[in-house]
Amino acid sequence: MVEGYIKLAAARATQADLLESALPSIAAEVRAGQARGAFAGPGPIFLGIGASFAASAAAVWVLRSRGIHAWRLNAGEYPIPFPASPHPIVGVSQSGKSTETLAVLGAAAPELRMAVLNVVPSPISAIAATTIGLGNLPDSYASTIGYTATIAALAMIAEAWDGGTIDESWTALPAAFRALEAMMERRVGDLAALLRDAHSVDYAAAAPSVGSAEVGSLLLREVARISATGFSTRQYLHGAMESAGKTGHVLCGGEREVGVAHTLARAGHDVILVTSLDTSEEPHLSVIRIPDLSAPQRTILEALVMQSLAVETALQRGLDPDAFVFFHTDTKVATSKVASA
């Protein structure tokens with residue numbers, strides 16, 4: 001086990017309860033920030049890496065759907081200092097110690113620095129003008145509750161931005177989450193068997209759910225050690241799909257993804273489809289039905305599916321989901337280190 005983290009099994013066992021308790025607390029923090037005028041003006045730039053980058057996708061979709069310009073950027077791909085901009089920069093980091101995110105955020109104008117973090121206080125919270133904390137939730141090294149709660153926090157910010165309101169339907173999400181957990185517990189063994197022996201796995205998702213494809217492939221690499229890649233569906237159709245063969249496929253979305261799933265399955269490729277549409281299973285096609293919720297709430301349910309698939313696939317391959325192969329000394333800063341403002 002990595003110091004400071006709990007086991008995946010323990011994190012997943014408490015995820016529904018922690019999410020249920022965290023949602024109203026996060027909503028209260030966002031409303032307080034909104035009342036102070038923090039979430040107004042030019043749309044935000046979400047800055048993260050790894051799972052935190054993936055968690056930002058649904059929030060960007062919400063803001064753009066509301067006509068507000070917003071972006072998500074990979075913190076490891078930008079020079080210092082960050083180019084001058086009127087847009088607030090939201091550093092997304094579950095640990096609050098991600099070196100790349102801290103460096104870029106620290107190079108932005110102090111009044112534009114915001115953060116969404118699980119761990120507060122932390123180096124990133126120390127330099128942010130506005131911080132939304134998840135509540136120091138106990139999380140696993142391959143993130144579970146840290147990831148799903150981050151999606152919720154970012155989505156609530158997107159809903160509240162520039163005079164908006166937080167969707168009242170968030171209160172019903174924990175019940176949907178628990179129902180999906182129960183269904184996955186019954187089915188995950190058979191579903192993971194479709195991925196266990198794959199040479200690689202392609203994840204593709206509709207644009208609002210592209211973060212689900214990204215985090216699904218990341219989790220499979222992390223805990224099951226299978227090469228995997230996440231795509232938006234449209235990107236997948238522009239050539240990447242041509243390499244299908246000895247590959248598994250996990251798709252998330254609606255009509256377009258249903259069509260792609262049928263195309264792959266009828267060509268003899270195993271597909272797991274996560275959708276809210278009423279779609280029948282057929283040879284090589286397994287369907288996981290989820291409720292037709294808002295885009296960010298769907299991605300939280302999709303994240304649960306991705307966690308279940310990755311962990312069960314690891315177990316079927318005889319691997320310990322908590323045993324990582326490589327550890328790096330330069331992806332997190334020491335807790336005492338704070339970038340200069």
# chains A, B, ... in the order shown; residues from 1 in each chain; ligands from 1
call {"tool": "select_by_dssp", "arguments": {"residues": "region 66-136 of chain A", "states": "strand (DSSP E or B)", "output": "PyMOL selection string"}}
result
chain A and resi 71-74+89-93+98+113-117+130-133
call {"tool": "residues_around", "arguments": {"residues": "Pro138 (chain A)", "least_positions_apart": "4", "cutoff": "10 Å", "atoms": "only C-alpha atoms", "output": "VMD selection string"}}
result
chain A and resid 4 to 7 10 to 11 14 to 15 18 118 to 119 143 to 146
call {"tool": "residues_around", "arguments": {"residues": "Val325 (chain A)", "least_positions_apart": "4", "cutoff": "12 Å", "atoms": "only C-alpha atoms", "output": "list in words"}}
result
Met1, Val2, Arg221, Glu222, Val223, Ala224, Arg225, Leu319, Asp320 and Pro321 of chain A
call {"tool": "write_last_selection", "arguments": {"atoms": "N, CA and C atoms", "output": "mmCIF file, in the first residue's frame"}}
result
data_model
loop_
_atom_site.group_PDB
_atom_site.id
_atom_site.type_symbol
_atom_site.label_atom_id
_atom_site.label_comp_id
_atom_site.auth_asym_id
_atom_site.auth_seq_id
_atom_site.Cartn_x
_atom_site.Cartn_y
_atom_site.Cartn_z
ATOM 1 N N MET A 1 0.824 -1.205 0.000
ATOM 2 C CA MET A 1 0.000 0.000 0.000
ATOM 3 C C MET A 1 0.860 1.257 0.000
ATOM 4 N N VAL A 2 0.393 2.277 -0.730
ATOM 5 C CA VAL A 2 1.063 3.570 -0.743
ATOM 6 C C VAL A 2 0.617 4.356 0.480
ATOM 7 N N ARG A 221 -5.089 0.247 -17.144
ATOM 8 C CA ARG A 221 -3.623 0.216 -17.172
ATOM 9 C C ARG A 221 -3.057 0.123 -15.756
ATOM 10 N N GLU A 222 -3.629 0.920 -14.836
ATOM 11 C CA GLU A 222 -3.087 0.994 -13.482
ATOM 12 C C GLU A 222 -3.230 -0.318 -12.718
ATOM 13 N N VAL A 223 -4.427 -0.886 -12.726
ATOM 14 C CA VAL A 223 -4.669 -2.019 -11.831
ATOM 15 C C VAL A 223 -4.679 -3.381 -12.519
ATOM 16 N N ALA A 224 -5.014 -3.424 -13.816
ATOM 17 C CA ALA A 224 -5.040 -4.706 -14.530
ATOM 18 C C ALA A 224 -3.861 -4.864 -15.485
ATOM 19 N N ARG A 225 -3.087 -3.781 -15.680
ATOM 20 C CA ARG A 225 -1.872 -3.795 -16.492
ATOM 21 C C ARG A 225 -2.120 -4.257 -17.931
ATOM 22 N N LEU A 319 -3.867 -10.490 -10.315
ATOM 23 C CA LEU A 319 -3.105 -9.323 -9.887
ATOM 24 C C LEU A 319 -3.740 -8.676 -8.663
ATOM 25 N N ASP A 320 -2.915 -8.077 -7.836
ATOM 26 C CA ASP A 320 -3.380 -7.293 -6.705
ATOM 27 C C ASP A 320 -3.689 -5.880 -7.209
ATOM 28 N N PRO A 321 -4.944 -5.437 -7.175
ATOM 29 C CA PRO A 321 -5.291 -4.109 -7.713
ATOM 30 C C PRO A 321 -4.576 -2.955 -7.016
#
call {"tool": "residues_around", "arguments": {"residues": "Ala158 (chain A)", "least_positions_apart": "2", "cutoff": "8 Å", "atoms": "only C-alpha atoms", "output": "list in words"}}
result
Ala59, Val60, Val62, Leu63, Leu154, Ala155, Met156, Ala160 and Trp161 of chain A
call {"tool": "write_last_selection", "arguments": {"atoms": "N, CA and C atoms", "output": "PDB file, in the first residue's frame"}}
result
ATOM      1  N   ALA A  59     -17.660  18.954 -16.892  1.00  0.00           N
ATOM      2  CA  ALA A  59     -17.881  20.349 -16.510  1.00  0.00           C
ATOM      3  C   ALA A  59     -17.700  21.286 -17.701  1.00  0.00           C
ATOM      4  N   VAL A  60     -16.701  21.009 -18.521  1.00  0.00           N
ATOM      5  CA  VAL A  60     -16.497  21.814 -19.735  1.00  0.00           C
ATOM      6  C   VAL A  60     -17.718  21.699 -20.645  1.00  0.00           C
ATOM      7  N   VAL A  62     -20.817  21.092 -19.747  1.00  0.00           N
ATOM      8  CA  VAL A  62     -21.919  21.842 -19.136  1.00  0.00           C
ATOM      9  C   VAL A  62     -21.778  23.331 -19.433  1.00  0.00           C
ATOM     10  N   LEU A  63     -20.588  23.872 -19.230  1.00  0.00           N
ATOM     11  CA  LEU A  63     -20.377  25.298 -19.467  1.00  0.00           C
ATOM     12  C   LEU A  63     -20.588  25.667 -20.932  1.00  0.00           C
ATOM     13  N   LEU A 154     -16.725  19.910  -9.802  1.00  0.00           N
ATOM     14  CA  LEU A 154     -16.499  20.684 -11.028  1.00  0.00           C
ATOM     15  C   LEU A 154     -17.811  20.945 -11.756  1.00  0.00           C
ATOM     16  N   ALA A 155     -18.690  19.956 -11.789  1.00  0.00           N
ATOM     17  CA  ALA A 155     -19.978  20.128 -12.461  1.00  0.00           C
ATOM     18  C   ALA A 155     -20.837  21.165 -11.751  1.00  0.00           C
ATOM     19  N   MET A 156     -20.818  21.143 -10.423  1.00  0.00           N
ATOM     20  CA  MET A 156     -21.605  22.146  -9.682  1.00  0.00           C
ATOM     21  C   MET A 156     -21.080  23.555  -9.928  1.00  0.00           C
ATOM     22  N   ALA A 160     -23.260  26.518 -11.606  1.00  0.00           N
ATOM     23  CA  ALA A 160     -23.456  27.771 -10.875  1.00  0.00           C
ATOM     24  C   ALA A 160     -22.809  28.969 -11.547  1.00  0.00           C
ATOM     25  N   TRP A 161     -21.919  28.734 -12.505  1.00  0.00           N
ATOM     26  CA  TRP A 161     -21.128  29.831 -13.087  1.00  0.00           C
ATOM     27  C   TRP A 161     -22.034  30.899 -13.700  1.00  0.00           C
TER      28      TRP A 161
END
call {"tool": "closest_residue", "arguments": {"among": "A:Tyr147, A:Phe324, A:Trp170, A:Tyr203", "to": "Ala54 (chain A)", "atoms": "only C-alpha atoms"}}
result
A:Tyr147
call {"tool": "residues_around", "arguments": {"residues": "region 82-87 of chain A", "least_positions_apart": "5", "cutoff": "6 Å", "atoms": "only C-alpha atoms", "output": "list in words"}}
result
Pro42, Gly43, Pro44 and Ala107 of chain A
call {"tool": "write_last_selection", "arguments": {"atoms": "all heavy atoms", "output": "PDB file, in the first residue's frame"}}
result
ATOM      1  N   PRO A  42     -15.649  35.704 -17.358  1.00  0.00           N
ATOM      2  CA  PRO A  42     -15.170  34.767 -18.379  1.00  0.00           C
ATOM      3  C   PRO A  42     -15.095  33.346 -17.832  1.00  0.00           C
ATOM      4  O   PRO A  42     -14.744  33.133 -16.667  1.00  0.00           O
ATOM      5  CB  PRO A  42     -13.781  35.307 -18.721  1.00  0.00           C
ATOM      6  CG  PRO A  42     -13.830  36.757 -18.370  1.00  0.00           C
ATOM      7  CD  PRO A  42     -14.726  36.852 -17.175  1.00  0.00           C
ATOM      8  N   GLY A  43     -15.439  32.383 -18.675  1.00  0.00           N
ATOM      9  CA  GLY A  43     -15.479  30.995 -18.237  1.00  0.00           C
ATOM     10  C   GLY A  43     -14.122  30.473 -17.800  1.00  0.00           C
ATOM     11  O   GLY A  43     -13.078  30.987 -18.206  1.00  0.00           O
ATOM     12  N   PRO A  44     -14.118  29.439 -16.958  1.00  0.00           N
ATOM     13  CA  PRO A  44     -12.879  28.944 -16.370  1.00  0.00           C
ATOM     14  C   PRO A  44     -12.082  28.029 -17.294  1.00  0.00           C
ATOM     15  O   PRO A  44     -12.617  27.417 -18.223  1.00  0.00           O
ATOM     16  CB  PRO A  44     -13.372  28.166 -15.151  1.00  0.00           C
ATOM     17  CG  PRO A  44     -14.710  27.645 -15.592  1.00  0.00           C
ATOM     18  CD  PRO A  44     -15.301  28.728 -16.444  1.00  0.00           C
ATOM     19  N   ALA A 107       1.922  30.275 -11.575  1.00  0.00           N
ATOM     20  CA  ALA A 107       2.395  31.269 -12.536  1.00  0.00           C
ATOM     21  C   ALA A 107       1.273  32.162 -13.052  1.00  0.00           C
ATOM     22  O   ALA A 107       1.520  33.103 -13.805  1.00  0.00           O
ATOM     23  CB  ALA A 107       3.087  30.571 -13.707  1.00  0.00           C
TER      24      ALA A 107
END
call {"tool": "closest_residue", "arguments": {"among": "A:Glu77, A:Asp17, A:Glu159, A:Glu185", "to": "Ala40 (chain A)", "atoms": "only C-alpha atoms"}}
result
A:Glu159
call {"tool": "residues_around", "arguments": {"residues": "Val274 (chain A)", "least_positions_apart": "2", "cutoff": "10 Å", "atoms": "only C-alpha atoms", "output": "compact mmCIF listing (two decimals) with all heavy atoms, in the first residue's frame"}}
result
# COMPACT_ATOMS: atom_id res chain seq x y z
N ALA A 205 -16.20 7.22 -26.04
CA ALA A 205 -17.39 7.78 -25.41
C ALA A 205 -17.85 9.02 -26.14
O ALA A 205 -17.04 9.73 -26.76
CB ALA A 205 -17.11 8.12 -23.94
N VAL A 250 -14.95 -0.86 -24.85
CA VAL A 250 -15.90 -0.34 -23.88
C VAL A 250 -16.38 1.01 -24.40
O VAL A 250 -15.57 1.92 -24.60
CB VAL A 250 -15.26 -0.17 -22.48
CG1 VAL A 250 -16.30 0.34 -21.48
CG2 VAL A 250 -14.66 -1.49 -22.00
N LEU A 251 -17.68 1.13 -24.63
CA LEU A 251 -18.25 2.34 -25.21
C LEU A 251 -19.27 2.95 -24.25
O LEU A 251 -20.01 2.22 -23.58
CB LEU A 251 -18.95 2.03 -26.54
CG LEU A 251 -18.14 1.30 -27.62
CD1 LEU A 251 -18.99 1.09 -28.86
CD2 LEU A 251 -16.88 2.08 -27.97
N CYS A 252 -19.32 4.27 -24.20
CA CYS A 252 -20.29 4.99 -23.37
C CYS A 252 -21.01 6.02 -24.23
O CYS A 252 -20.35 6.81 -24.92
CB CYS A 252 -19.60 5.72 -22.21
SG CYS A 252 -18.69 4.68 -21.07
N GLY A 253 -22.33 6.03 -24.17
CA GLY A 253 -23.02 7.08 -24.89
C GLY A 253 -24.41 6.70 -25.36
O GLY A 253 -25.10 5.87 -24.76
N GLY A 254 -24.81 7.34 -26.48
CA GLY A 254 -26.17 7.20 -27.00
C GLY A 254 -26.23 6.54 -28.35
O GLY A 254 -25.59 5.52 -28.60
N GLU A 257 -22.96 5.72 -30.29
CA GLU A 257 -22.19 4.65 -29.65
C GLU A 257 -22.89 3.30 -29.79
O GLU A 257 -22.23 2.26 -29.94
CB GLU A 257 -21.96 4.98 -28.16
CG GLU A 257 -20.98 6.11 -27.94
CD GLU A 257 -21.49 7.47 -28.42
OE1 GLU A 257 -22.71 7.74 -28.28
OE2 GLU A 257 -20.67 8.27 -28.93
N VAL A 258 -24.23 3.31 -29.77
CA VAL A 258 -24.97 2.07 -30.02
C VAL A 258 -24.65 1.55 -31.42
O VAL A 258 -24.40 0.36 -31.63
CB VAL A 258 -26.49 2.30 -29.85
CG1 VAL A 258 -27.27 1.08 -30.35
CG2 VAL A 258 -26.82 2.56 -28.39
N VAL A 271 -17.77 -6.29 -27.14
CA VAL A 271 -18.06 -4.90 -26.79
C VAL A 271 -18.87 -4.85 -25.50
O VAL A 271 -19.82 -5.62 -25.32
CB VAL A 271 -18.86 -4.19 -27.90
CG1 VAL A 271 -19.11 -2.73 -27.54
CG2 VAL A 271 -18.16 -4.31 -29.24
N ILE A 272 -18.50 -3.95 -24.62
CA ILE A 272 -19.31 -3.61 -23.45
C ILE A 272 -19.83 -2.20 -23.68
O ILE A 272 -19.05 -1.25 -23.86
CB ILE A 272 -18.48 -3.66 -22.16
CG1 ILE A 272 -17.96 -5.10 -21.93
CG2 ILE A 272 -19.31 -3.19 -20.96
CD1 ILE A 272 -16.94 -5.19 -20.81
N SER A 276 -27.89 4.78 -21.69
CA SER A 276 -29.21 4.95 -21.08
C SER A 276 -30.31 4.51 -22.05
O SER A 276 -31.49 4.49 -21.66
CB SER A 276 -29.43 6.42 -20.69
OG SER A 276 -29.37 7.26 -21.83
N LEU A 277 -29.95 4.15 -23.27
CA LEU A 277 -30.93 3.75 -24.26
C LEU A 277 -31.33 2.29 -24.08
O LEU A 277 -30.58 1.48 -23.55
CB LEU A 277 -30.37 3.96 -25.68
CG LEU A 277 -29.99 5.40 -26.04
CD1 LEU A 277 -29.50 5.46 -27.47
CD2 LEU A 277 -31.16 6.34 -25.82
N SER A 286 -22.47 -6.81 -24.87
CA SER A 286 -23.04 -6.76 -23.53
C SER A 286 -23.43 -5.32 -23.22
O SER A 286 -22.66 -4.39 -23.49
CB SER A 286 -22.03 -7.25 -22.50
OG SER A 286 -21.63 -8.58 -22.76
N VAL A 287 -24.62 -5.14 -22.67
CA VAL A 287 -25.16 -3.79 -22.44
C VAL A 287 -25.35 -3.54 -20.94
O VAL A 287 -25.93 -4.36 -20.23
CB VAL A 287 -26.50 -3.60 -23.17
CG1 VAL A 287 -27.05 -2.19 -22.89
CG2 VAL A 287 -26.32 -3.82 -24.67
N ILE A 288 -24.83 -2.41 -20.47
CA ILE A 288 -25.04 -1.95 -19.10
C ILE A 288 -25.93 -0.73 -19.18
O ILE A 288 -25.53 0.31 -19.70
CB ILE A 288 -23.71 -1.60 -18.41
CG1 ILE A 288 -22.78 -2.81 -18.37
CG2 ILE A 288 -23.97 -1.06 -17.01
CD1 ILE A 288 -21.37 -2.47 -17.90
N ARG A 289 -27.16 -0.85 -18.68
CA ARG A 289 -28.10 0.25 -18.72
C ARG A 289 -27.92 1.15 -17.50
O ARG A 289 -27.86 0.68 -16.38
CB ARG A 289 -29.53 -0.28 -18.73
CG ARG A 289 -29.97 -0.89 -20.06
CD ARG A 289 -30.25 0.16 -21.11
NE ARG A 289 -31.21 1.16 -20.65
CZ ARG A 289 -32.53 0.98 -20.63
NH1 ARG A 289 -33.05 -0.16 -21.03
NH2 ARG A 289 -33.32 1.94 -20.19
N ILE A 290 -27.82 2.46 -17.73
CA ILE A 290 -27.76 3.43 -16.66
C ILE A 290 -28.88 4.44 -16.86
O ILE A 290 -29.39 4.61 -17.97
CB ILE A 290 -26.39 4.15 -16.59
CG1 ILE A 290 -26.13 4.93 -17.88
CG2 ILE A 290 -25.27 3.15 -16.32
CD1 ILE A 290 -24.87 5.79 -17.81
N ARG A 298 -24.19 11.26 -15.19
CA ARG A 298 -23.95 10.02 -15.95
C ARG A 298 -22.49 9.61 -15.86
O ARG A 298 -22.17 8.43 -15.73
CB ARG A 298 -24.34 10.18 -17.42
CG ARG A 298 -25.81 10.09 -17.71
CD ARG A 298 -26.08 9.77 -19.17
NE ARG A 298 -25.36 10.60 -20.11
CZ ARG A 298 -25.78 11.78 -20.55
NH1 ARG A 298 -26.93 12.27 -20.12
NH2 ARG A 298 -25.07 12.48 -21.40
N LEU A 301 -21.73 7.69 -12.75
CA LEU A 301 -22.16 6.29 -12.87
C LEU A 301 -21.24 5.51 -13.80
O LEU A 301 -20.89 4.35 -13.52
CB LEU A 301 -23.60 6.22 -13.36
CG LEU A 301 -24.67 6.85 -12.46
CD1 LEU A 301 -26.06 6.61 -13.03
CD2 LEU A 301 -24.59 6.31 -11.04
N GLU A 302 -20.83 6.14 -14.88
CA GLU A 302 -19.88 5.48 -15.79
C GLU A 302 -18.55 5.18 -15.09
O GLU A 302 -17.93 4.14 -15.31
CB GLU A 302 -19.66 6.35 -17.03
CG GLU A 302 -20.87 6.41 -17.94
CD GLU A 302 -20.85 7.57 -18.93
OE1 GLU A 302 -19.89 8.39 -18.87
OE2 GLU A 302 -21.79 7.69 -19.73
N VAL A 305 -18.77 2.01 -13.23
CA VAL A 305 -18.61 0.88 -14.14
C VAL A 305 -17.13 0.65 -14.45
O VAL A 305 -16.64 -0.49 -14.42
CB VAL A 305 -19.40 1.10 -15.44
CG1 VAL A 305 -19.11 -0.01 -16.46
CG2 VAL A 305 -20.89 1.17 -15.16
N MET A 306 -16.40 1.73 -14.73
CA MET A 306 -14.99 1.61 -15.07
C MET A 306 -14.18 1.05 -13.90
O MET A 306 -13.29 0.23 -14.09
CB MET A 306 -14.42 2.97 -15.49
CG MET A 306 -15.12 3.61 -16.68
SD MET A 306 -15.26 2.50 -18.09
CE MET A 306 -16.55 3.32 -19.02
call {"tool": "select_by_dssp", "arguments": {"residues": "region 152-253 of chain A", "states": "alpha helix (DSSP H)", "output": "PyMOL selection string"}}
result
chain A and resi 152-160+173-196+210-219+233-237
call {"tool": "atom_distance", "arguments": {"atom1": "CA of Phe177 (chain A)", "atom2": "CA of Glu29 (chain A)"}}
result
22.5 Å
call {"tool": "residues_around", "arguments": {"residues": "Ala152 (chain A)", "least_positions_apart": "2", "cutoff": "8 Å", "atoms": "only C-alpha atoms", "output": "NGL selection string"}}
result
:A and (23 or 148-150 or 154-156 or 296-297 or 300)
call {"tool": "write_last_selection", "arguments": {"atoms": "N, CA, C and O atoms", "output": "short mmCIF file (atom, residue, chain, number, x, y, z; two decimals), in the first residue's frame"}}
result
data_model
loop_
_atom_site.label_atom_id
_atom_site.label_comp_id
_atom_site.auth_asym_id
_atom_site.auth_seq_id
_atom_site.Cartn_x
_atom_site.Cartn_y
_atom_site.Cartn_z
N LEU A 23 -21.87 15.32 -1.31
CA LEU A 23 -22.59 16.15 -2.29
C LEU A 23 -23.20 17.41 -1.68
O LEU A 23 -23.00 18.51 -2.21
N THR A 148 -14.86 10.55 -8.35
CA THR A 148 -16.29 10.80 -8.55
C THR A 148 -16.73 12.09 -7.85
O THR A 148 -17.54 12.84 -8.39
N ALA A 149 -16.19 12.37 -6.66
CA ALA A 149 -16.55 13.61 -5.98
C ALA A 149 -15.99 14.83 -6.71
O ALA A 149 -16.60 15.91 -6.71
N THR A 150 -14.82 14.67 -7.35
CA THR A 150 -14.26 15.77 -8.14
C THR A 150 -15.16 16.11 -9.32
O THR A 150 -15.39 17.28 -9.62
N LEU A 154 -16.72 19.91 -9.80
CA LEU A 154 -16.50 20.68 -11.03
C LEU A 154 -17.81 20.94 -11.76
O LEU A 154 -18.04 22.05 -12.28
N ALA A 155 -18.69 19.96 -11.79
CA ALA A 155 -19.98 20.13 -12.46
C ALA A 155 -20.84 21.16 -11.75
O ALA A 155 -21.51 21.98 -12.40
N MET A 156 -20.82 21.14 -10.42
CA MET A 156 -21.60 22.15 -9.68
C MET A 156 -21.08 23.55 -9.93
O MET A 156 -21.86 24.51 -10.04
N PRO A 296 -22.86 15.24 -16.28
CA PRO A 296 -21.89 14.93 -15.23
C PRO A 296 -22.34 13.81 -14.31
O PRO A 296 -21.51 13.01 -13.85
N GLN A 297 -23.64 13.73 -14.04
CA GLN A 297 -24.12 12.64 -13.19
C GLN A 297 -23.97 11.29 -13.89
O GLN A 297 -23.63 10.29 -13.25
N ILE A 300 -20.43 10.04 -13.49
CA ILE A 300 -20.15 9.44 -12.18
C ILE A 300 -20.57 7.98 -12.18
O ILE A 300 -19.86 7.11 -11.67
#
call {"tool": "closest_atom_pairs", "arguments": {"of": "region 12-53 of chain A", "to": "region 112-115 of chain A", "cutoff": "12 Å", "atoms": "only C-alpha atoms", "output": "JSON lines"}}
result
{"residue": "A:Val30", "atom": "CA", "partner": "A:Ala115", "partner_atom": "CA", "distance": 11.6}
{"residue": "A:Gly33", "atom": "CA", "partner": "A:Met114", "partner_atom": "CA", "distance": 10.6}
{"residue": "A:Ala38", "atom": "CA", "partner": "A:Met114", "partner_atom": "CA", "distance": 8.9}
{"residue": "A:Phe39", "atom": "CA", "partner": "A:Met114", "partner_atom": "CA", "distance": 9.7}
{"residue": "A:Ala40", "atom": "CA", "partner": "A:Leu112", "partner_atom": "CA", "distance": 11.3}
{"residue": "A:Gly41", "atom": "CA", "partner": "A:Leu112", "partner_atom": "CA", "distance": 11.1}
{"residue": "A:Pro42", "atom": "CA", "partner": "A:Leu112", "partner_atom": "CA", "distance": 10.7}
{"residue": "A:Gly43", "atom": "CA", "partner": "A:Leu112", "partner_atom": "CA", "distance": 11.2}
{"residue": "A:Pro44", "atom": "CA", "partner": "A:Met114", "partner_atom": "CA", "distance": 9.2}
{"residue": "A:Ile45", "atom": "CA", "partner": "A:Met114", "partner_atom": "CA", "distance": 9.7}
{"residue": "A:Phe46", "atom": "CA", "partner": "A:Ala115", "partner_atom": "CA", "distance": 8.9}
{"residue": "A:Leu47", "atom": "CA", "partner": "A:Ala115", "partner_atom": "CA", "distance": 9.0}
{"residue": "A:Gly48", "atom": "CA", "partner": "A:Ala115", "partner_atom": "CA", "distance": 10.1}
{"residue": "A:Ser52", "atom": "CA", "partner": "A:Ala115", "partner_atom": "CA", "distance": 11.4}
call {"tool": "closest_residue", "arguments": {"among": "A:Ala244, A:Ala207, A:Ala182, A:Ala172", "to": "Thr263 (chain A)", "atoms": "only C-alpha atoms"}}
result
A:Ala244
call {"tool": "closest_atom_pairs", "arguments": {"of": "region 24-98 of chain A", "to": "region 132-137 of chain A", "cutoff": "10 Å", "atoms": "only C-alpha atoms", "output": "JSON lines"}}
result
{"residue": "A:Ser25", "atom": "CA", "partner": "A:Leu134", "partner_atom": "CA", "distance": 7.9}
{"residue": "A:Ile26", "atom": "CA", "partner": "A:Leu134", "partner_atom": "CA", "distance": 6.3}
{"residue": "A:Ala27", "atom": "CA", "partner": "A:Ile132", "partner_atom": "CA", "distance": 9.5}
{"residue": "A:Ala28", "atom": "CA", "partner": "A:Ile132", "partner_atom": "CA", "distance": 9.8}
{"residue": "A:Glu29", "atom": "CA", "partner": "A:Ile132", "partner_atom": "CA", "distance": 6.3}
{"residue": "A:Val30", "atom": "CA", "partner": "A:Ile132", "partner_atom": "CA", "distance": 6.9}
{"residue": "A:Ala32", "atom": "CA", "partner": "A:Ile132", "partner_atom": "CA", "distance": 9.9}
{"residue": "A:Gly33", "atom": "CA", "partner": "A:Ile132", "partner_atom": "CA", "distance": 8.4}
{"residue": "A:Val90", "atom": "CA", "partner": "A:Ile132", "partner_atom": "CA", "distance": 9.9}
{"residue": "A:Val92", "atom": "CA", "partner": "A:Ile132", "partner_atom": "CA", "distance": 9.9}
{"residue": "A:Gln94", "atom": "CA", "partner": "A:Leu134", "partner_atom": "CA", "distance": 8.6}
{"residue": "A:Ser95", "atom": "CA", "partner": "A:Asn136", "partner_atom": "CA", "distance": 9.0}
{"residue": "A:Gly96", "atom": "CA", "partner": "A:Gly133", "partner_atom": "CA", "distance": 9.9}
call {"tool": "atom_distance", "arguments": {"atom1": "CA of Pro81 (chain A)", "atom2": "CA of Ala103 (chain A)"}}
result
8.7 Å
call {"tool": "atom_distance", "arguments": {"atom1": "CA of His69 (chain A)", "atom2": "CA of Ala35 (chain A)"}}
result
21.3 Å
call {"tool": "closest_residue", "arguments": {"among": "A:Gly216, A:Pro208, A:Gly245, A:Gly106", "to": "Leu293 (chain A)", "atoms": "only C-alpha atoms"}}
result
A:Pro208
